[in-house]
Structure formats: structure tokens, C-alpha cells
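Asks: Sharing a structure below in C-alpha cells format, with a few things to ask.
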Amino acid sequence: MLRKRRQTNMAAVSTKRESNREASDELSPKNKKTKTDHENSQGENGKESEENVLSGFQTTTVLSDSTREKTIFVHGKLDDQNAVVILEKTPITEDALAEIFTASTLKLDMRNDIYSTYRLQAPPHLNELKATVVFPATEKHVKKYQRQESFLVEETADDYQSITLPFIQKQSFSVQWVYNILEKKAESERIVFEDPDPKLGFVLLPDFKWDQKQLDNLYLIAITHQRNLKSLRDLTSEHLPLLQNIFQKGKDAILQHYSLPASKLRVYLHYQPSYYHLHVHFTKLGYEAPGCGVERAHLLIDVIQNLQSDPHYYKTRTLSFPLRADDGLLSQFKEAGKL
Ligand code: DD3
């Protein structure tokens, strides 16, 4: 069974606070410490606080929603600053069933022959929503969650050098939250496994997208200790020991911790990634995680073999990936006449 863990709104709030600094701010060494989940559960005055940080949230607009996913992405204001709040109904777990049946109130909707439907009100503690808060949110965060059409781009090695690389360097997406994880300044108690080696090492922990209440949508990320690798494009055969280490030790740790064998795992990298610090995704087979489609996911085992047969495979090949209509990189490809 899974270890029950708190995933509080507060954790998201405080962890994110550091991650939105503007580019100019990024190099300044000041105050990088982010509070841990535990510290966050204490109010400023030290008392255990269940304070609702969202009570002052003023909705500006619904960015997107999905009936099927049971999610809504909301843009709004908290203390005059932009915030994005993601609300998600969480899956019903088997261990909650007994209490749902005994302790809920039932209101009849309709009855017809042997069929009936009800509105069931479960006890409050079985009726939680997962809330992810980005605060303060940048324009980029707000855009990211707006529903958007996407377009497939074919990026040659030259395109990478002349279009993509300059674009990601100019953008300087903040990965402060990644450094906070590597330096144990945030989420340290969520770490499932760590290999501390500076060259081959990594930290394995649950991704934000996973509430850790059921294995069905298991989602962990392995973040490398090496900081100079932006994406798949930076990998050469020189990095094979790193990739093999992540593959082997990541699978071992997940077997240890969740009793899930490698045959139930999808282990892959994204191209383009959503943040330019090398990381590997571990998701459960059967869970259609966002970004696990063929247009964005590269199985780690294939990456390893491609680098074994050609040390510069990812430096030379044309790579395809989808870009959203509002992505600045798409505009760059258009301006270069590549779309
Ligand atoms: C992110 C991609 C980034 C909004 C949101 C998430 N897993 C994270 C900070 C801490 C994390 C992640 C950007 C940001 Cl909701 C904007 O993801 C994270 N911690 N994916 C974990 N464990």
C-alpha cells in the first residue's frame, strides 16, 4: 500500500514562490531557501495552521477545464498579484469505499425500474480536491494553461543552433525550483531515492501531477545533479553512464518503494522539455500522462541505444515536437520560414 502523504496547497504556494523570479533576478544569490511542506504547515507565529491562503483569491478567468479530467485551471489575483490555481477531483480509492458507503448522505436524483442515480455527499475528508497554486504567476504560467492548438515542428540540427538554442537562452526559464530540490531546500521529505554523485547522480521524487494516493497514475521525475544539461540535444555518448545509472537505479527504487516492476513503467524524456534541466519521467504504463505521446516522449532505453550506435545522435538528427500556438518558439520557427 502507498504511504499516505500530505500534499498541501501551502506546499505548492511556497515552493513556487521562488520559481518565478524574473530573468534578471535569477543570478542573485539572495534568499533561495524555500520552506518545506512541514515548515509550511506551521503559521508564521509557529502554530499549526490550516489557514486558507486561497480565501482572498479573485478569479479573473477560467484558462481551461476538462470534464473528463475533472480539472479546472483558473487565473486570478491574490493580494494584487497574478496567481494560477489548478483544481482537480482526486480518484476514489478502494480503502475509502467502506466509509463512503456507511458515512455519506444520499439524495435521490431519479429512479427507473432497477436503475437509480443519487447525489452522494461523502464525509469531508473523503471529498478533497487537489489544488496546485502558482503564486506569483508570470505571464508565461498564465499562457501555459490556456487551451491552445498545437503544431508539429521538425527541428534540424541547424534549426536547433540558430533558432531553438538562442530562444531558450534568451528566455532563461527559471529552474530555481529544481535547484531547491537538489539542495534539499524544498520537497526534501518527498525524495524517494537519491544518488548524490555529482556526475552520475540524481534525485527521484513524485512529480507535482501525482497525488500519491494510488499507483494508477504514478509519476516520478529523476532530476540530474549535473546542471549543465538542458535537454536531449545536449546528450552524447559521454552521458551514457549517467543515463544508464538513472535507468537502473530509478527502476530499482520504484520497485523497492512501490513494488512496481520495470515492466509496468514508461521511462522517458520530453523534447522539448518544460524546463531546461535534464530530467527523466517515470510513469505507470496504462496511465496516459500528459506528454507521453510519440510526438514528445523519447523512451530512455531508445535514447541509450541511439547514443550507443551514434555518439552524436541527438546533436545531428532532426527531432519533431509539438508547439502550442502561443509558444514564442513557434513564432521563431515561423519567422525563419520553417512552418
Ligand atoms: C511547474 C514544471 C513545473 C506550474 C506547475 C509546475 N514536480 C514543478 C515546482 C516544483 C514541479 C514538479 C511549472 C514546479 Cl504546477 C509551473 O513543475 C515541482 N515539484 N513538476 C515537483 N515535485
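Labels used: A, B, ... for chains in the order of the C-alpha cells, numbers from 1 for residues in each chain, and numbers from 1 for ligands as shown.
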I'd like the neighbourhood of Ala297 in chain A as a list of chain:residue names, where a residue qualifies if any of its atoms comes within 7 Å (using only C-alpha atoms), though same-chain residues fewer than 6 positions away should be ignored.
Replies: A:Tyr268, A:Leu269, A:His270, A:Tyr271, A:Gly291
Asks: Using only N, CA and C atoms, please write the residues we just selected to a file, as a short mmCIF file (atom, residue, chain, number, x, y, z; two decimals), in the first residue's frame.
Replies:
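To be explicit, this is the file written out as again_21.cif:
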```cif
data_model
loop_
_atom_site.label_atom_id
_atom_site.label_comp_id
_atom_site.auth_asym_id
_atom_site.auth_seq_id
_atom_site.Cartn_x
_atom_site.Cartn_y
_atom_site.Cartn_z
N TYR A 268 11.03 7.87 -19.79
CA TYR A 268 11.25 8.67 -20.99
C TYR A 268 11.65 10.11 -20.69
N LEU A 269 12.16 10.77 -21.75
CA LEU A 269 12.47 12.20 -21.69
C LEU A 269 11.51 12.93 -22.63
N HIS A 270 11.28 14.18 -22.33
CA HIS A 270 10.49 15.03 -23.22
C HIS A 270 11.42 15.84 -24.12
N TYR A 271 10.99 15.99 -25.38
CA TYR A 271 11.62 17.01 -26.21
C TYR A 271 10.50 17.70 -26.99
N GLY A 291 1.89 14.44 -22.30
CA GLY A 291 3.24 14.47 -22.88
C GLY A 291 3.86 13.09 -23.07
#
```
Asks: So that I can check the surroundings of range 235-241 of chain A, please list as a short mmCIF file (atom, residue, chain, number, x, y, z; two decimals) with all heavy atoms, in the first residue's frame every protein, DNA and RNA residue that reaches within 6 Å of it, counting only C-alpha atoms and ignoring chain neighbours fewer than 5 positions away.
Replies:
```
data_model
loop_
_atom_site.label_atom_id
_atom_site.label_comp_id
_atom_site.auth_asym_id
_atom_site.auth_seq_id
_atom_site.Cartn_x
_atom_site.Cartn_y
_atom_site.Cartn_z
N LEU A 307 22.43 6.56 -28.65
CA LEU A 307 23.75 7.14 -28.34
C LEU A 307 24.84 6.08 -28.43
O LEU A 307 25.99 6.40 -28.75
CB LEU A 307 23.74 7.78 -26.95
CG LEU A 307 22.91 9.07 -26.82
CD1 LEU A 307 22.84 9.51 -25.36
CD2 LEU A 307 23.48 10.18 -27.69
N PRO A 311 27.39 8.32 -31.25
CA PRO A 311 27.67 9.19 -30.10
C PRO A 311 27.05 10.58 -30.21
O PRO A 311 26.83 11.24 -29.21
CB PRO A 311 29.19 9.27 -30.07
CG PRO A 311 29.65 8.02 -30.76
CD PRO A 311 28.62 7.73 -31.81
N HIS A 312 26.79 11.04 -31.44
CA HIS A 312 26.23 12.38 -31.61
C HIS A 312 24.83 12.37 -32.18
O HIS A 312 24.38 13.36 -32.79
CB HIS A 312 27.18 13.25 -32.45
CG HIS A 312 28.43 13.59 -31.72
ND1 HIS A 312 29.63 12.97 -31.95
CD2 HIS A 312 28.65 14.46 -30.70
CE1 HIS A 312 30.54 13.44 -31.12
NE2 HIS A 312 29.97 14.35 -30.34
#
```
Asks: Residues at most 6 Å from ligand 1, using only C-alpha atoms and all ligand atoms? Could they come as a PyMOL selection string?
Replies: chain A and resi 16+132+134+177+206-208+274
Asks: What parts of range 114-317 of chain A does DSSP call helix (DSSP H, G or I)? I'd like the answer as a ChimeraX atom specification.
Replies: /A:124-126,139-144,157-171,176-182,188-190,215-217,232-234,237-258,262-264,300-309,313-316
Asks: For the residues in that selection, give me C-alpha atoms as a PDB file, in the first residue's frame.
Replies:
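selection05.pdb was written with the following content:
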```pdb
ATOM      1  CA  PRO A 124     -15.438  15.974   4.061  1.00  0.00           C
ATOM      2  CA  HIS A 125     -12.099  14.174   4.498  1.00  0.00           C
ATOM      3  CA  LEU A 126     -13.004  11.839   1.615  1.00  0.00           C
ATOM      4  CA  GLU A 139       2.588  35.795 -17.897  1.00  0.00           C
ATOM      5  CA  LYS A 140       4.160  32.522 -19.072  1.00  0.00           C
ATOM      6  CA  HIS A 141       2.342  30.497 -16.417  1.00  0.00           C
ATOM      7  CA  VAL A 142      -0.956  32.080 -17.334  1.00  0.00           C
ATOM      8  CA  LYS A 143      -0.393  31.363 -21.025  1.00  0.00           C
ATOM      9  CA  LYS A 144       0.755  27.816 -20.367  1.00  0.00           C
ATOM     10  CA  ALA A 157      20.428  20.273 -36.040  1.00  0.00           C
ATOM     11  CA  ASP A 158      20.907  23.674 -37.703  1.00  0.00           C
ATOM     12  CA  ASP A 159      17.463  24.849 -36.569  1.00  0.00           C
ATOM     13  CA  TYR A 160      18.430  23.920 -33.027  1.00  0.00           C
ATOM     14  CA  GLN A 161      21.612  26.018 -33.218  1.00  0.00           C
ATOM     15  CA  SER A 162      20.090  29.012 -34.991  1.00  0.00           C
ATOM     16  CA  ILE A 163      16.525  29.090 -33.602  1.00  0.00           C
ATOM     17  CA  THR A 164      15.867  26.950 -30.543  1.00  0.00           C
ATOM     18  CA  LEU A 165      19.106  27.385 -28.602  1.00  0.00           C
ATOM     19  CA  PRO A 166      19.152  31.206 -28.846  1.00  0.00           C
ATOM     20  CA  PHE A 167      15.475  31.236 -27.899  1.00  0.00           C
ATOM     21  CA  ILE A 168      15.886  29.149 -24.747  1.00  0.00           C
ATOM     22  CA  GLN A 169      18.976  31.133 -23.758  1.00  0.00           C
ATOM     23  CA  LYS A 170      17.136  34.428 -24.206  1.00  0.00           C
ATOM     24  CA  GLN A 171      14.114  33.121 -22.264  1.00  0.00           C
ATOM     25  CA  GLN A 176      15.160  27.646  -9.222  1.00  0.00           C
ATOM     26  CA  TRP A 177      12.597  25.112  -8.046  1.00  0.00           C
ATOM     27  CA  VAL A 178      14.837  22.329  -9.446  1.00  0.00           C
ATOM     28  CA  TYR A 179      17.853  23.689  -7.554  1.00  0.00           C
ATOM     29  CA  ASN A 180      15.718  23.890  -4.414  1.00  0.00           C
ATOM     30  CA  ILE A 181      15.024  20.160  -4.766  1.00  0.00           C
ATOM     31  CA  LEU A 182      18.677  19.271  -5.442  1.00  0.00           C
ATOM     32  CA  SER A 188      13.252  17.072   0.680  1.00  0.00           C
ATOM     33  CA  GLU A 189      10.850  14.792   2.570  1.00  0.00           C
ATOM     34  CA  ARG A 190       9.291  13.719  -0.729  1.00  0.00           C
ATOM     35  CA  LEU A 215      -0.429   3.794  -8.104  1.00  0.00           C
ATOM     36  CA  ASP A 216      -2.595   4.095 -11.244  1.00  0.00           C
ATOM     37  CA  ASN A 217      -1.216   7.483 -12.136  1.00  0.00           C
ATOM     38  CA  LEU A 232      18.089  15.619 -25.093  1.00  0.00           C
ATOM     39  CA  ARG A 233      20.023  17.829 -27.542  1.00  0.00           C
ATOM     40  CA  ASP A 234      22.948  18.118 -25.109  1.00  0.00           C
ATOM     41  CA  SER A 237      27.767   9.019 -25.613  1.00  0.00           C
ATOM     42  CA  GLU A 238      29.723  10.720 -22.844  1.00  0.00           C
ATOM     43  CA  HIS A 239      26.470  10.770 -20.849  1.00  0.00           C
ATOM     44  CA  LEU A 240      25.695   7.074 -21.226  1.00  0.00           C
ATOM     45  CA  PRO A 241      26.877   6.244 -17.677  1.00  0.00           C
ATOM     46  CA  LEU A 242      24.541   8.934 -16.325  1.00  0.00           C
ATOM     47  CA  LEU A 243      21.561   7.710 -18.345  1.00  0.00           C
ATOM     48  CA  GLN A 244      22.198   4.047 -17.510  1.00  0.00           C
ATOM     49  CA  ASN A 245      22.529   4.955 -13.848  1.00  0.00           C
ATOM     50  CA  ILE A 246      19.181   6.786 -13.839  1.00  0.00           C
ATOM     51  CA  PHE A 247      17.517   3.951 -15.740  1.00  0.00           C
ATOM     52  CA  GLN A 248      18.782   1.195 -13.447  1.00  0.00           C
ATOM     53  CA  LYS A 249      18.621   2.891 -10.062  1.00  0.00           C
ATOM     54  CA  GLY A 250      15.346   4.638 -10.865  1.00  0.00           C
ATOM     55  CA  LYS A 251      13.660   1.338 -11.726  1.00  0.00           C
ATOM     56  CA  ASP A 252      15.184  -0.362  -8.654  1.00  0.00           C
ATOM     57  CA  ALA A 253      13.993   2.415  -6.346  1.00  0.00           C
ATOM     58  CA  ILE A 254      10.452   2.288  -7.729  1.00  0.00           C
ATOM     59  CA  LEU A 255      10.347  -1.493  -7.278  1.00  0.00           C
ATOM     60  CA  GLN A 256      11.606  -1.084  -3.707  1.00  0.00           C
ATOM     61  CA  HIS A 257       9.312   1.742  -2.792  1.00  0.00           C
ATOM     62  CA  TYR A 258       6.112   0.957  -4.695  1.00  0.00           C
ATOM     63  CA  ALA A 262      10.093  -2.181 -14.581  1.00  0.00           C
ATOM     64  CA  SER A 263       7.635  -3.967 -16.892  1.00  0.00           C
ATOM     65  CA  LYS A 264       4.939  -1.574 -15.588  1.00  0.00           C
ATOM     66  CA  LEU A 300      15.159   6.321 -22.196  1.00  0.00           C
ATOM     67  CA  ILE A 301      16.095   2.866 -23.463  1.00  0.00           C
ATOM     68  CA  ASP A 302      15.935   4.136 -27.047  1.00  0.00           C
ATOM     69  CA  VAL A 303      17.948   7.235 -26.140  1.00  0.00           C
ATOM     70  CA  ILE A 304      20.621   4.999 -24.623  1.00  0.00           C
ATOM     71  CA  GLN A 305      20.753   2.729 -27.664  1.00  0.00           C
ATOM     72  CA  ASN A 306      20.758   5.615 -30.125  1.00  0.00           C
ATOM     73  CA  LEU A 307      23.751   7.136 -28.339  1.00  0.00           C
ATOM     74  CA  GLN A 308      25.461   3.735 -28.314  1.00  0.00           C
ATOM     75  CA  SER A 309      25.161   3.439 -32.095  1.00  0.00           C
ATOM     76  CA  TYR A 313      22.783  11.074 -32.489  1.00  0.00           C
ATOM     77  CA  TYR A 314      20.896  13.855 -30.699  1.00  0.00           C
ATOM     78  CA  LYS A 315      23.257  16.556 -31.948  1.00  0.00           C
ATOM     79  CA  THR A 316      22.683  15.643 -35.575  1.00  0.00           C
TER      80      THR A 316
END
```
Asks: Using only C-alpha atoms, pick whichever of A:Asn82, A:Asn127, A:Ser320, A:Gln332 has the shortest atom-to-atom distance to Thr156 in chain A.
Replies: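 Looking only at the distances to Thr156 in chain A, the closest residue turns out to be A:Ser320.
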Asks: As a PyMOL selection string, which residues of range 57-274 of chain A does DSSP assign to strand (DSSP E)?
Replies: chain A and resi 58-66+71-78+81-89+105-112+115-121+129-134+150-155+193-195+202-206+219-224+265-270
Asks: I need the chosen residues saved as a tab-separated table (two decimals), in the first residue's frame, with C-alpha atoms.
Replies:
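Output below, filename part.tsv:
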```tsv
chain	number	residue	atom	x	y	z
A	58	GLN	CA	-10.25	36.65	-7.02
A	59	THR	CA	-10.96	34.81	-10.26
A	60	THR	CA	-10.00	36.68	-13.42
A	61	THR	CA	-10.72	33.98	-15.95
A	62	VAL	CA	-11.00	30.25	-16.48
A	63	LEU	CA	-7.99	29.31	-18.62
A	64	SER	CA	-9.18	25.81	-19.44
A	65	ASP	CA	-11.18	22.96	-18.00
A	66	SER	CA	-11.88	19.35	-18.72
A	71	THR	CA	-9.90	19.73	-13.72
A	72	ILE	CA	-10.20	23.48	-13.97
A	73	PHE	CA	-7.33	25.94	-14.48
A	74	VAL	CA	-8.12	29.37	-13.10
A	75	HIS	CA	-6.27	32.66	-13.48
A	76	GLY	CA	-6.86	35.20	-10.75
A	77	LYS	CA	-5.39	37.59	-8.23
A	78	LEU	CA	-4.07	37.07	-4.72
A	81	GLN	CA	-0.54	39.62	-7.85
A	82	ASN	CA	-1.29	37.08	-10.54
A	83	ALA	CA	-1.95	33.52	-9.48
A	84	VAL	CA	-2.89	30.32	-11.27
A	85	VAL	CA	-4.91	27.75	-9.36
A	86	ILE	CA	-5.45	24.24	-10.69
A	87	LEU	CA	-8.28	22.31	-9.08
A	88	GLU	CA	-8.63	18.60	-9.67
A	89	LYS	CA	-11.04	15.98	-8.36
A	105	THR	CA	-25.65	11.25	2.77
A	106	LEU	CA	-27.64	10.27	-0.29
A	107	LYS	CA	-30.09	12.37	-2.27
A	108	LEU	CA	-32.12	10.57	-4.87
A	109	ASP	CA	-31.85	12.00	-8.39
A	110	MET	CA	-34.07	9.58	-10.24
A	111	ARG	CA	-35.37	6.05	-10.11
A	112	ASN	CA	-36.49	3.99	-13.09
A	115	TYR	CA	-31.91	1.80	-12.07
A	116	SER	CA	-31.37	4.79	-9.81
A	117	THR	CA	-28.94	7.70	-9.52
A	118	TYR	CA	-28.04	9.73	-6.44
A	119	ARG	CA	-26.09	12.73	-5.40
A	120	LEU	CA	-23.79	11.30	-2.78
A	121	GLN	CA	-22.11	13.57	-0.26
A	129	LEU	CA	-9.78	18.37	-4.23
A	130	LYS	CA	-6.15	18.63	-5.18
A	131	ALA	CA	-5.19	22.29	-5.53
A	132	THR	CA	-1.97	23.37	-7.19
A	133	VAL	CA	-1.13	27.03	-6.78
A	134	VAL	CA	1.36	29.05	-8.79
A	150	SER	CA	-0.57	22.78	-31.32
A	151	PHE	CA	1.62	22.40	-34.37
A	152	LEU	CA	4.31	19.86	-35.12
A	153	VAL	CA	7.76	21.30	-35.76
A	154	GLU	CA	10.65	19.43	-37.41
A	155	GLU	CA	13.81	20.79	-35.91
A	193	PHE	CA	15.76	7.97	-3.87
A	194	GLU	CA	18.96	9.89	-4.32
A	195	ASP	CA	22.31	9.09	-5.84
A	202	PHE	CA	20.11	12.28	-9.47
A	203	VAL	CA	17.13	12.85	-7.21
A	204	LEU	CA	13.98	10.78	-7.74
A	205	LEU	CA	10.71	12.20	-6.40
A	206	PRO	CA	7.00	12.36	-7.19
A	219	TYR	CA	4.51	9.86	-11.88
A	220	LEU	CA	8.03	10.40	-10.66
A	221	ILE	CA	10.84	12.52	-12.03
A	222	ALA	CA	14.56	11.90	-11.85
A	223	ILE	CA	16.44	15.21	-11.77
A	224	THR	CA	20.16	15.09	-12.52
A	265	LEU	CA	6.92	1.59	-16.20
A	266	ARG	CA	7.28	4.04	-19.05
A	267	VAL	CA	10.66	5.74	-18.66
A	268	TYR	CA	11.25	8.67	-20.99
A	269	LEU	CA	12.47	12.20	-21.69
A	270	HIS	CA	10.49	15.03	-23.22
```
Asks: Between CA of His277 in chain A and CA of Pro136 in chain A, what is the distance in Å, rounded to a tenth?
Replies: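 Between CA of His277 in chain A and CA of Pro136 in chain A the gap is 21.7 Å.
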